[in-house]
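Trainee: Enclosed is the structure file query.txt (compact mmCIF, C-alpha atoms (C1' of nucleotides)).
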```txt
# COMPACT_ATOMS: atom_id res chain seq x y z
CA MET A 1 72.72 13.60 -40.66
CA LYS A 2 71.84 17.09 -39.69
CA SER A 3 69.17 15.95 -37.28
CA GLU A 4 71.91 14.18 -35.43
CA SER A 5 74.00 17.12 -34.35
CA ALA A 6 71.51 19.92 -34.69
CA ALA A 7 68.60 18.44 -32.81
CA GLY A 8 70.38 17.05 -29.78
CA ALA A 9 71.27 20.50 -28.62
CA LYS A 10 69.24 20.65 -25.46
CA LEU A 11 69.76 17.24 -23.93
CA PRO A 12 67.35 17.29 -21.03
CA THR A 13 68.73 13.81 -20.91
CA ARG A 14 69.54 13.91 -17.29
CA GLU A 15 65.97 14.66 -16.38
CA ILE A 16 64.78 11.88 -18.56
CA LEU A 17 67.17 9.56 -16.90
CA GLN A 18 65.81 10.50 -13.54
CA HIS A 19 62.36 9.94 -14.80
CA TRP A 20 63.16 6.43 -15.84
CA ARG A 21 64.96 5.63 -12.64
CA GLU A 22 62.73 7.19 -10.06
CA ALA A 23 59.25 7.03 -11.45
CA VAL A 24 56.56 4.99 -9.81
CA PRO A 25 58.17 1.63 -10.16
CA GLY A 26 54.73 0.12 -10.52
CA ASP A 27 54.23 0.79 -14.14
CA ARG A 28 57.68 1.00 -15.54
CA LEU A 29 57.39 -2.45 -16.92
CA ALA A 30 54.12 -1.61 -18.62
CA HIS A 31 55.71 1.38 -20.26
CA LEU A 32 58.61 -0.62 -21.39
CA VAL A 33 56.41 -3.21 -22.96
CA LYS A 34 54.41 -0.54 -24.67
CA ASP A 35 57.50 1.19 -26.01
CA ALA A 36 58.86 -2.09 -27.25
CA THR A 37 55.65 -2.74 -29.11
CA ARG A 38 55.84 0.61 -30.74
CA ALA A 39 59.40 0.11 -31.79
CA LEU A 40 58.64 -3.29 -33.26
CA VAL A 41 55.56 -2.07 -35.07
CA ARG A 42 57.38 0.90 -36.48
CA ALA A 43 60.24 -1.19 -37.68
CA LEU A 44 57.96 -3.44 -39.63
CA GLN A 45 55.82 -0.58 -40.82
CA MET A 46 58.83 1.20 -42.24
CA ARG A 47 59.74 -1.83 -44.25
CA LEU A 48 56.21 -2.48 -45.35
CA VAL A 49 55.57 0.93 -46.83
CA ALA A 50 58.26 0.29 -49.38
CA HIS A 51 55.97 -2.41 -50.75
CA GLY A 52 52.81 -0.40 -50.38
CA VAL A 53 51.35 -2.71 -47.78
CA PRO A 54 49.54 -1.05 -44.89
CA PHE A 55 50.63 -2.36 -41.56
CA GLY A 56 47.11 -3.29 -40.59
CA HIS A 57 47.04 -5.87 -43.34
CA TRP A 58 50.12 -7.66 -42.23
CA ALA A 59 48.57 -9.65 -39.44
CA PHE A 60 45.88 -11.02 -41.71
CA LEU A 61 48.17 -11.81 -44.57
CA ARG A 62 50.43 -13.69 -42.24
CA ILE A 63 47.57 -15.87 -41.11
CA LEU A 64 46.19 -16.39 -44.57
CA TRP A 65 49.52 -17.44 -46.03
CA GLU A 66 49.48 -20.26 -43.59
CA ARG A 67 45.95 -21.24 -44.43
CA ASP A 68 43.18 -19.42 -46.20
CA GLY A 69 39.48 -20.07 -46.53
CA LEU A 70 38.94 -19.03 -42.93
CA THR A 71 35.94 -17.01 -41.85
CA GLN A 72 36.26 -13.47 -40.67
CA ARG A 73 35.50 -14.56 -37.18
CA GLU A 74 38.27 -17.12 -37.18
CA LEU A 75 40.58 -14.51 -38.58
CA SER A 76 39.66 -12.17 -35.78
CA GLY A 77 40.42 -14.80 -33.23
CA ARG A 78 43.79 -15.63 -34.67
CA ALA A 79 44.81 -12.07 -35.20
CA GLY A 80 43.62 -11.19 -31.73
CA VAL A 81 41.49 -8.24 -32.78
CA MET A 82 37.79 -7.54 -32.67
CA GLU A 83 35.55 -8.27 -35.61
CA PRO A 84 34.96 -4.76 -36.85
CA THR A 85 38.71 -4.34 -37.14
CA THR A 86 38.94 -7.49 -39.17
CA PHE A 87 36.02 -6.48 -41.26
CA SER A 88 37.40 -3.17 -42.34
CA ALA A 89 40.88 -4.50 -42.95
CA LEU A 90 39.56 -7.31 -45.12
CA LYS A 91 37.25 -5.01 -46.97
CA ALA A 92 40.20 -2.82 -47.81
CA MET A 93 42.33 -5.81 -48.73
CA GLU A 94 39.65 -7.02 -51.06
CA GLY A 95 39.57 -3.58 -52.64
CA ILE A 96 43.30 -3.71 -53.25
CA GLY A 97 43.01 -7.21 -54.58
CA TYR A 98 44.86 -9.24 -51.97
CA VAL A 99 41.87 -11.37 -51.00
CA LYS A 100 38.42 -12.44 -52.10
CA ARG A 101 35.56 -12.69 -49.62
CA ARG A 102 33.00 -15.30 -50.53
CA ARG A 103 29.90 -16.94 -49.15
CA LEU A 104 29.77 -20.66 -49.70
CA PRO A 105 26.50 -22.53 -50.17
CA GLU A 106 27.26 -24.78 -47.22
CA ASN A 107 26.83 -21.91 -44.80
CA ARG A 108 25.74 -18.59 -46.09
CA LYS A 109 26.13 -16.96 -42.72
CA ASN A 110 29.88 -17.08 -42.90
CA ILE A 111 32.19 -15.12 -45.11
CA TYR A 112 35.18 -17.14 -46.18
CA VAL A 113 38.34 -15.35 -47.06
CA PHE A 114 40.70 -16.52 -49.79
CA LEU A 115 43.97 -15.13 -50.99
CA THR A 116 44.26 -14.01 -54.58
CA ALA A 117 47.40 -14.80 -56.52
CA LYS A 118 48.48 -11.27 -55.82
CA GLY A 119 47.97 -11.69 -52.11
CA ARG A 120 49.78 -14.98 -52.05
CA ALA A 121 52.68 -13.56 -53.99
CA LEU A 122 53.36 -11.01 -51.30
CA LYS A 123 54.56 -13.72 -48.98
CA GLU A 124 57.93 -14.04 -50.60
CA LYS A 125 58.57 -10.36 -50.39
CA LEU A 126 57.12 -9.61 -47.00
CA VAL A 127 58.14 -12.50 -44.79
CA PRO A 128 61.82 -11.61 -45.09
CA LEU A 129 61.00 -8.15 -43.87
CA ALA A 130 59.51 -9.50 -40.67
CA GLU A 131 62.44 -11.81 -40.23
CA ASP A 132 64.74 -8.90 -40.67
CA VAL A 133 62.97 -6.94 -37.98
CA ASN A 134 63.21 -9.85 -35.65
CA ARG A 135 66.86 -10.36 -36.38
CA VAL A 136 67.64 -6.73 -35.73
CA ALA A 137 65.52 -6.63 -32.61
CA VAL A 138 67.14 -9.54 -30.84
CA ALA A 139 70.67 -8.94 -32.03
CA GLY A 140 73.16 -9.60 -29.32
CA LEU A 141 70.68 -11.19 -26.96
CA ALA A 142 71.09 -14.64 -25.53
CA ASP A 143 68.56 -17.18 -26.69
CA GLU A 144 67.86 -18.10 -23.16
CA ASP A 145 67.05 -14.55 -22.17
CA ILE A 146 64.70 -14.25 -25.06
CA SER A 147 62.86 -17.39 -24.24
CA ARG A 148 62.71 -16.34 -20.63
CA THR A 149 61.21 -13.08 -21.79
CA ARG A 150 58.69 -14.96 -23.80
CA GLU A 151 57.64 -16.93 -20.77
CA VAL A 152 57.30 -13.79 -18.72
CA LEU A 153 55.16 -12.11 -21.32
CA LEU A 154 52.94 -15.12 -21.64
CA ALA A 155 52.55 -15.26 -17.90
CA ILE A 156 51.64 -11.60 -17.77
CA ILE A 157 49.00 -11.99 -20.42
CA ASP A 158 47.67 -15.02 -18.67
CA ASN A 159 47.59 -13.30 -15.30
CA LEU A 160 45.76 -10.31 -16.67
CA ALA A 161 43.33 -12.43 -18.59
CA ARG A 162 42.40 -14.38 -15.50
CA ASP A 163 42.02 -11.17 -13.58
CA GLU A 164 39.76 -9.69 -16.19
CA GLU A 165 37.66 -12.79 -16.25
CA ARG A 166 37.35 -12.66 -12.51
CA SER A 167 36.27 -9.04 -12.30
CA ALA A 168 34.00 -9.31 -15.30
CA ASP A 169 31.78 -11.63 -13.28
CA GLY A 170 30.45 -8.91 -11.09
CA ALA A 171 30.51 -5.85 -13.24
CA ARG A 172 31.09 -6.21 -16.93
CA ARG A 173 33.31 -3.28 -17.78
CA VAL A 174 35.50 -3.18 -20.84
CA PRO A 175 35.20 -6.75 -21.99
CA SER A 176 37.63 -8.58 -24.13
CA THR A 177 41.16 -9.10 -22.98
CA ARG A 178 39.62 -12.48 -22.58
CA GLU A 179 39.95 -12.89 -26.28
CA LEU A 180 43.66 -12.67 -25.89
CA ALA A 181 43.27 -14.79 -22.86
CA ARG A 182 41.98 -17.74 -24.72
CA LEU A 183 44.49 -17.38 -27.47
CA VAL A 184 47.50 -17.28 -25.31
CA ALA A 185 46.38 -19.77 -22.75
CA ALA A 186 45.89 -22.14 -25.63
CA GLY A 187 49.38 -21.49 -26.87
CA THR A 188 51.03 -22.34 -23.59
CA LYS A 189 49.08 -24.58 -21.32
CA ALA A 190 46.95 -26.54 -23.72
CA ARG A 191 50.19 -28.02 -24.83
CA ARG A 192 50.60 -30.06 -21.73
CA SER A 193 47.03 -30.70 -20.66
CA ARG A 194 44.42 -32.54 -22.62
CA ALA A 195 43.77 -31.40 -26.15
CA MET B 1 28.77 -16.94 -16.53
CA LYS B 2 26.92 -17.90 -19.60
CA SER B 3 29.66 -16.68 -21.86
CA GLU B 4 31.90 -19.22 -20.21
CA SER B 5 30.12 -22.37 -21.15
CA ALA B 6 27.96 -21.21 -24.00
CA ALA B 7 30.56 -19.35 -26.02
CA GLY B 8 33.40 -21.83 -25.91
CA ALA B 9 31.34 -24.35 -27.78
CA LYS B 10 33.48 -24.59 -30.86
CA LEU B 11 36.94 -24.55 -29.40
CA PRO B 12 39.06 -24.21 -32.47
CA THR B 13 41.62 -24.18 -29.74
CA ARG B 14 43.73 -26.83 -31.26
CA GLU B 15 44.15 -24.83 -34.43
CA ILE B 16 45.05 -21.82 -32.45
CA LEU B 17 47.59 -23.78 -30.56
CA GLN B 18 49.15 -24.91 -33.78
CA HIS B 19 49.24 -21.37 -34.93
CA TRP B 20 51.17 -20.26 -31.93
CA ARG B 21 53.57 -23.15 -32.07
CA GLU B 22 54.27 -23.42 -35.74
CA ALA B 23 53.91 -19.94 -37.12
CA VAL B 24 56.82 -18.13 -38.65
CA PRO B 25 59.01 -18.04 -35.61
CA GLY B 26 60.35 -14.72 -36.82
CA ASP B 27 57.64 -12.58 -35.44
CA ARG B 28 56.20 -14.54 -32.60
CA LEU B 29 58.04 -12.43 -30.13
CA ALA B 30 56.69 -9.27 -31.70
CA HIS B 31 53.18 -10.59 -31.40
CA LEU B 32 53.69 -11.56 -27.86
CA VAL B 33 54.96 -8.14 -26.96
CA LYS B 34 52.05 -6.56 -28.72
CA ASP B 35 49.54 -8.79 -26.97
CA ALA B 36 51.13 -8.09 -23.63
CA THR B 37 50.82 -4.38 -24.25
CA ARG B 38 47.19 -4.75 -25.06
CA ALA B 39 46.52 -6.78 -21.96
CA LEU B 40 48.31 -4.25 -19.76
CA VAL B 41 46.58 -1.31 -21.35
CA ARG B 42 43.20 -2.93 -21.04
CA ALA B 43 43.74 -3.80 -17.44
CA LEU B 44 44.53 -0.23 -16.56
CA GLN B 45 41.81 1.13 -18.78
CA MET B 46 39.20 -1.00 -17.09
CA ARG B 47 40.18 0.38 -13.73
CA LEU B 48 40.40 3.91 -14.98
CA VAL B 49 36.90 4.08 -16.42
CA ALA B 50 35.50 3.59 -12.96
CA HIS B 51 37.00 6.98 -12.14
CA GLY B 52 36.03 8.58 -15.41
CA VAL B 53 39.61 9.05 -16.51
CA PRO B 54 40.35 8.33 -20.17
CA PHE B 55 43.33 6.11 -20.62
CA GLY B 56 45.02 8.61 -22.88
CA HIS B 57 45.33 11.01 -19.99
CA TRP B 58 47.05 8.63 -17.68
CA ALA B 59 50.51 8.96 -19.14
CA PHE B 60 50.43 12.72 -18.81
CA LEU B 61 49.01 12.76 -15.35
CA ARG B 62 51.67 10.37 -14.21
CA ILE B 63 54.37 12.69 -15.45
CA LEU B 64 52.76 15.81 -14.09
CA TRP B 65 52.28 14.38 -10.62
CA GLU B 66 55.99 14.01 -10.47
CA ARG B 67 56.61 17.50 -11.69
CA ASP B 68 54.42 20.01 -13.42
CA GLY B 69 55.13 23.26 -15.20
CA LEU B 70 56.64 21.37 -18.11
CA THR B 71 56.08 22.45 -21.69
CA GLN B 72 54.03 20.41 -24.08
CA ARG B 73 57.14 19.45 -25.92
CA GLU B 74 58.81 18.17 -22.81
CA LEU B 75 55.68 16.28 -21.97
CA SER B 76 55.72 14.69 -25.40
CA GLY B 77 59.27 13.58 -24.92
CA ARG B 78 58.62 12.04 -21.57
CA ALA B 79 55.42 10.36 -22.56
CA GLY B 80 57.04 9.09 -25.73
CA VAL B 81 54.35 10.35 -28.06
CA MET B 82 54.28 12.91 -30.82
CA GLU B 83 53.25 16.47 -30.19
CA PRO B 84 49.83 16.44 -31.77
CA THR B 85 48.90 13.58 -29.48
CA THR B 86 50.06 15.54 -26.50
CA PHE B 87 48.29 18.60 -27.70
CA SER B 88 44.91 17.01 -28.03
CA ALA B 89 45.17 15.11 -24.79
CA LEU B 90 46.14 18.23 -22.87
CA LYS B 91 43.47 20.27 -24.55
CA ALA B 92 40.91 17.72 -23.41
CA MET B 93 42.42 17.56 -19.94
CA GLU B 94 42.19 21.30 -19.66
CA GLY B 95 38.57 21.10 -20.67
CA ILE B 96 37.87 18.58 -17.95
CA GLY B 97 39.78 20.69 -15.48
CA TYR B 98 42.77 18.52 -14.66
CA VAL B 99 45.35 20.98 -15.94
CA LYS B 100 45.89 24.61 -16.88
CA ARG B 101 47.94 25.54 -19.93
CA ARG B 102 49.72 28.88 -19.59
CA ARG B 103 52.18 31.04 -21.42
CA LEU B 104 54.75 32.65 -19.19
CA PRO B 105 56.25 36.05 -19.97
CA GLU B 106 59.75 34.62 -19.95
CA ASN B 107 59.07 32.68 -23.13
CA ARG B 108 55.78 33.12 -24.85
CA LYS B 109 56.59 30.49 -27.40
CA ASN B 110 56.14 27.73 -24.88
CA ILE B 111 53.01 26.48 -23.24
CA TYR B 112 53.58 25.43 -19.67
CA VAL B 113 51.29 22.87 -18.18
CA PHE B 114 50.24 22.93 -14.54
CA LEU B 115 48.04 20.60 -12.58
CA THR B 116 44.90 21.96 -10.99
CA ALA B 117 43.93 20.85 -7.51
CA LYS B 118 41.53 18.47 -9.15
CA GLY B 119 44.23 16.99 -11.32
CA ARG B 120 46.60 16.64 -8.44
CA ALA B 121 43.97 14.99 -6.30
CA LEU B 122 43.62 12.16 -8.78
CA LYS B 123 47.02 10.87 -7.85
CA GLU B 124 45.87 9.25 -4.66
CA LYS B 125 43.09 7.43 -6.38
CA LEU B 126 44.80 6.47 -9.60
CA VAL B 127 48.28 5.42 -8.61
CA PRO B 128 46.99 2.46 -6.62
CA LEU B 129 45.17 1.29 -9.72
CA ALA B 130 48.37 1.14 -11.69
CA GLU B 131 50.10 -0.59 -8.85
CA ASP B 132 47.32 -3.09 -8.75
CA VAL B 133 47.69 -3.83 -12.43
CA ASN B 134 51.36 -4.32 -11.98
CA ARG B 135 50.88 -6.58 -9.01
CA VAL B 136 48.40 -8.72 -10.87
CA ALA B 137 50.53 -8.81 -13.99
CA VAL B 138 53.69 -10.05 -12.38
CA ALA B 139 52.08 -12.32 -9.83
CA GLY B 140 54.02 -15.51 -9.41
CA LEU B 141 56.99 -14.34 -11.42
CA ALA B 142 60.50 -14.29 -10.08
CA ASP B 143 62.01 -10.86 -9.64
CA GLU B 144 65.00 -11.93 -11.55
CA ASP B 145 62.99 -13.03 -14.54
CA ILE B 146 61.22 -9.74 -14.57
CA SER B 147 64.35 -7.73 -14.47
CA ARG B 148 65.81 -9.93 -17.15
CA THR B 149 62.75 -9.23 -19.23
CA ARG B 150 63.21 -5.56 -18.68
CA GLU B 151 66.76 -5.76 -19.94
CA VAL B 152 65.65 -7.65 -23.00
CA LEU B 153 62.96 -5.13 -23.82
CA LEU B 154 65.33 -2.25 -23.38
CA ALA B 155 67.82 -3.94 -25.64
CA ILE B 156 65.18 -4.53 -28.28
CA ILE B 157 64.13 -0.92 -28.24
CA ASP B 158 67.70 0.16 -28.41
CA ASN B 159 68.48 -2.18 -31.27
CA LEU B 160 65.54 -1.03 -33.29
CA ALA B 161 66.25 2.60 -32.59
CA ARG B 162 69.79 2.28 -33.84
CA ASP B 163 68.57 0.45 -36.88
CA GLU B 164 66.05 3.12 -37.67
CA GLU B 165 68.64 5.79 -37.28
CA ARG B 166 70.91 3.92 -39.62
CA SER B 167 68.38 3.44 -42.39
CA ALA B 168 66.98 6.92 -42.05
CA ASP B 169 70.29 8.25 -43.34
CA GLY B 170 69.70 7.07 -46.85
CA ALA B 171 65.96 7.15 -47.27
CA ARG B 172 63.83 8.88 -44.72
CA ARG B 173 60.76 6.70 -44.42
CA VAL B 174 58.51 6.71 -41.38
CA PRO B 175 60.67 8.67 -39.00
CA SER B 176 60.44 8.62 -35.27
CA THR B 177 61.19 5.48 -33.34
CA ARG B 178 64.21 7.60 -32.71
CA GLU B 179 62.19 9.51 -30.23
CA LEU B 180 61.86 6.37 -28.21
CA ALA B 181 65.43 5.75 -28.99
CA ARG B 182 66.66 8.72 -27.16
CA LEU B 183 64.40 8.20 -24.21
CA VAL B 184 65.33 4.66 -23.57
CA ALA B 185 68.98 4.94 -24.35
CA ALA B 186 69.08 7.70 -21.79
CA GLY B 187 67.37 5.55 -19.22
CA THR B 188 69.84 2.73 -19.47
CA LYS B 189 73.24 3.70 -20.71
CA ALA B 190 73.52 7.26 -19.58
CA ARG B 191 73.57 5.85 -16.11
CA ARG B 192 77.01 4.44 -16.46
CA SER B 193 78.63 6.79 -18.97
CA ARG B 194 79.04 10.50 -18.64
CA ALA B 195 75.90 12.51 -17.94
C1' DC C 1 65.60 47.73 -37.89
C1' DG C 2 64.46 43.90 -40.70
C1' DG C 3 65.15 39.18 -42.40
C1' DT C 4 66.23 34.49 -41.98
C1' DG C 5 65.97 30.47 -39.60
C1' DT C 6 64.63 27.60 -35.84
C1' DA C 7 61.57 26.09 -32.08
C1' DA C 8 57.08 25.31 -30.24
C1' DG C 9 52.45 24.82 -30.94
C1' DT C 10 48.48 23.89 -33.83
C1' DT C 11 45.48 22.08 -37.58
C1' DA C 12 44.29 18.60 -41.00
C1' DG C 13 43.80 14.15 -42.33
C1' DA C 14 44.71 9.29 -42.09
C1' DC C 15 44.99 4.63 -39.86
C1' DC C 16 43.93 1.13 -36.47
C1' DT C 17 41.49 -0.18 -32.80
C1' DC C 18 37.60 -0.60 -29.88
C1' DT C 19 32.39 -0.86 -28.02
C1' DA C 20 27.58 -0.78 -29.09
C1' DA C 21 23.94 -1.68 -31.84
C1' DG C 22 21.64 -3.43 -36.13
C1' DG C 23 20.83 -6.99 -39.78
C1' DT C 24 20.94 -11.53 -41.79
C1' DT C 25 21.29 -16.48 -41.73
C1' DA C 26 21.25 -20.84 -39.23
C1' DT C 27 19.53 -24.06 -35.61
C1' DC C 28 16.42 -26.19 -32.86
C1' DA C 29 12.32 -27.05 -30.34
C1' DA C 30 7.28 -26.71 -29.81
C1' DT D 1 6.18 -24.67 -39.88
C1' DT D 2 7.18 -21.19 -37.17
C1' DG D 3 9.24 -18.65 -33.57
C1' DA D 4 13.12 -18.02 -30.38
C1' DT D 5 17.88 -18.00 -29.87
C1' DA D 6 22.41 -17.89 -31.39
C1' DA D 7 26.23 -16.97 -34.70
C1' DC D 8 28.26 -14.05 -37.86
C1' DC D 9 28.71 -9.94 -40.33
C1' DT D 10 28.10 -5.05 -40.80
C1' DT D 11 27.40 -0.15 -39.52
C1' DA D 12 28.11 3.77 -36.54
C1' DG D 13 30.77 6.38 -33.70
C1' DA D 14 34.62 7.30 -30.75
C1' DG D 15 39.52 7.31 -28.99
C1' DG D 16 44.31 7.45 -29.60
C1' DT D 17 48.09 7.62 -32.43
C1' DC D 18 50.77 9.17 -36.27
C1' DT D 19 52.75 12.33 -40.40
C1' DA D 20 52.61 16.58 -42.92
C1' DA D 21 51.89 21.17 -43.26
C1' DC D 22 50.83 25.69 -41.20
C1' DT D 23 51.40 29.50 -37.67
C1' DT D 24 53.38 32.09 -34.22
C1' DA D 25 57.22 33.50 -31.36
C1' DC D 26 61.97 33.95 -30.54
C1' DA D 27 66.97 34.72 -31.68
C1' DC D 28 70.47 36.28 -34.09
C1' DC D 29 72.89 38.60 -37.75
C1' DG D 30 73.54 42.04 -41.17
```
Give the structure from this file in structure tokens form.

Mentor:
Amino acid sequence: MKSESAAGAKLPTREILQHWREAVPGDRLAHLVKDATRALVRALQMRLVAHGVPFGHWAFLRILWERDGLTQRELSGRAGVMEPTTFSALKAMEGIGYVKRRRLPENRKNIYVFLTAKGRALKEKLVPLAEDVNRVAVAGLADEDISRTREVLLAIIDNLARDEERSADGARRVPSTRELARLVAAGTKARRSRA
Amino acid sequence: MKSESAAGAKLPTREILQHWREAVPGDRLAHLVKDATRALVRALQMRLVAHGVPFGHWAFLRILWERDGLTQRELSGRAGVMEPTTFSALKAMEGIGYVKRRRLPENRKNIYVFLTAKGRALKEKLVPLAEDVNRVAVAGLADEDISRTREVLLAIIDNLARDEERSADGARRVPSTRELARLVAAGTKARRSRA
DNA sequence: CGGTGTAAGTTAGACCTCTAAGGTTATCAA
DNA sequence: TTGATAACCTTAGAGGTCTAACTTACACCG
């Protein structure tokens, strides 16, 4: 309440406006996408803390609720993050008691990840939170605009992935958008080509 | 080259596809936005390393090229990040020699940030990189779809900002999407209301 | 003049992510 | 069987971001 009236005293708003209108048009879209990500992440994060679930665990829980017994590598692929990220998240999740990491005799190289009852039980509580965020986020928007947006974002990811692949040929720089590449490309195109 | 044929041996692609098509529809959009951000960031980052510029400095340089002599707080607002982030980035940038941080007699509470010649000179080299990323990213997309996407993203940010503001009244949780809130709202609405 | 409060900057500590490099297990061919 | 190669996991270290708490400077009022 007080932050409302007290804080807004300066309103350099006009300058900000100018910034948004005049700035190098080239990367406005990138900024927008980035800001949207932050807003979405924060919204979910805020809701998650109430249940004591770190945001970083969300992505993995979501995947595991659908199907567990995956390896860490598969989890990485689906979550779209690198393996060390997956590793430390899962290690922490095991510590909390959401999952169990096990080797199976069939292939002792892999680590298979299984939900515990506790981890599985979170689904009921947490999924509605994500749905809530989504509902709030797209309130008042036309379905068609949203799906158009989805197409645009997919195309952007695809474009950038191809580009990275192309330039990686000559000089391998900061590898790995390709990971996303494969993921997304699969989600869109694979649908209508051969499977 | 080898990664192409050798790595894709397993192609759990079909599973991935399923994931993207069937998953809780609630947060697919959020994931997409997040993935797009990552792809965009990576693309710029890859180009930036060639010039020895850390990605974290880009946002500040971009703002300063337009106008320098801003305070750290103003910079934070425009970049859409919290002050400690700004602080450490600028401290590093000063170390490298891109900027000077100065107190002015008029108000010794503030730290004003000015570009050095070196920092200013980067503009010519770096701006084209960002433009390149943008060009690649939106290749083949209709202008209208892009601008529609922009509207959608702005609306999402705005929606989430309002929501955060609303829930912060009762229980202050993880404050601060509001920062974005103000920024973006200014960029869109302020245009057609009073300034 | 001194005190209270607010604004800006800073420090501390945590989380998530990444790249690079090391270790272990599997696979396959000589 | 053994040695090379690959797949997966793990460790190490860094970057960027955030919140919370502290410090310094200003502003205003009594």

Trainee: So, counting all atoms listed in the file, which residue among A:Arg47, A:Lys123, A:His31, A:Arg101 is closest to chain D?

Mentor: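 Closest residue, counting all atoms listed in the file: A:Arg101.
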
Trainee: So how many Å separate CA of Val33 (chain A) and CA of Ala36 (chain B), to one decimal?

Mentor: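 Distance between the two atoms: 7.2 Å.
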
Trainee: Any idea what the distance is between CA of Asp27 (chain B) and CA of Leu126 (chain A)?

Mentor: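 Straight-line distance from CA of Asp27 (chain B) to CA of Leu126 (chain A) works out to 11.9 Å.
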
Trainee: Work out how far CA of Leu40 (chain B) is from CA of Glu131 (chain B), in Å to one decimal.

Mentor: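 Separation between CA of Glu131 (chain B) and CA of Leu40 (chain B): 11.6 Å.
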
Trainee: Set the cut-off to 8 Å and count only C-alpha atoms (C1' of nucleotides): what are the residues of chain B that reach chain C? Output as a PyMOL selection string.

Mentor: chain B and resi 73+84+109-111

Trainee: Distance cut-off 12 Å, counting all atoms listed in the file - which residues of chain D neighbour chain A? Return them as a PyMOL selection string.

Mentor: chain D and resi 6-12+17-18

Trainee: Just the selected residues (C-alpha atoms (C1' of nucleotides)), exported as a PDB file, in the frame of the given file, please.

Mentor:
```
ATOM      1  C1'  DA D   6      22.410 -17.890 -31.390  1.00  0.00           C
ATOM      2  C1'  DA D   7      26.230 -16.970 -34.700  1.00  0.00           C
ATOM      3  C1'  DC D   8      28.260 -14.050 -37.860  1.00  0.00           C
ATOM      4  C1'  DC D   9      28.710  -9.940 -40.330  1.00  0.00           C
ATOM      5  C1'  DT D  10      28.100  -5.050 -40.800  1.00  0.00           C
ATOM      6  C1'  DT D  11      27.400  -0.150 -39.520  1.00  0.00           C
ATOM      7  C1'  DA D  12      28.110   3.770 -36.540  1.00  0.00           C
ATOM      8  C1'  DT D  17      48.090   7.620 -32.430  1.00  0.00           C
ATOM      9  C1'  DC D  18      50.770   9.170 -36.270  1.00  0.00           C
TER      10       DC D  18
END
```

Trainee: Please identify all polymer residues within 9 Å of region 143-148 of chain A, counting all atoms listed in the file, omitting same-chain residues fewer than 5 positions from it, and present them as a PDB file with C-alpha atoms, in the coordinates of the input.

Mentor:
```
ATOM      1  CA  VAL A 138      67.140  -9.540 -30.840  1.00  0.00           C
ATOM      2  CA  LEU A 153      55.160 -12.110 -21.320  1.00  0.00           C
TER       3      LEU A 153
ATOM      4  CA  LEU B  29      58.040 -12.430 -30.130  1.00  0.00           C
ATOM      5  CA  ASP B 145      62.990 -13.030 -14.540  1.00  0.00           C
ATOM      6  CA  ARG B 148      65.810  -9.930 -17.150  1.00  0.00           C
ATOM      7  CA  THR B 149      62.750  -9.230 -19.230  1.00  0.00           C
ATOM      8  CA  VAL B 152      65.650  -7.650 -23.000  1.00  0.00           C
TER       9      VAL B 152
END
```

Trainee: Nearest to chain B among A:Gly56, A:Gly69, A:Gly97, A:Pro128, with distances taken over only C-alpha atoms: which residue is it?

Mentor: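 Selected residue with least distance to chain B: A:Pro128.
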
Trainee: Using only C-alpha atoms, can you tell me which of A:Arg78, A:His51, A:Arg120, A:Arg67 comes closest to chain B?

Mentor: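 Among the listed residues, A:Arg78 lies closest to chain B.
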
Trainee: With all atoms listed in the file as the basis for distance, which of B:Asn134, B:Ala142, B:Ile96, B:Thr86 is at the shortest distance from chain A?

Mentor: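 The closest residue to chain A is B:Asn134.
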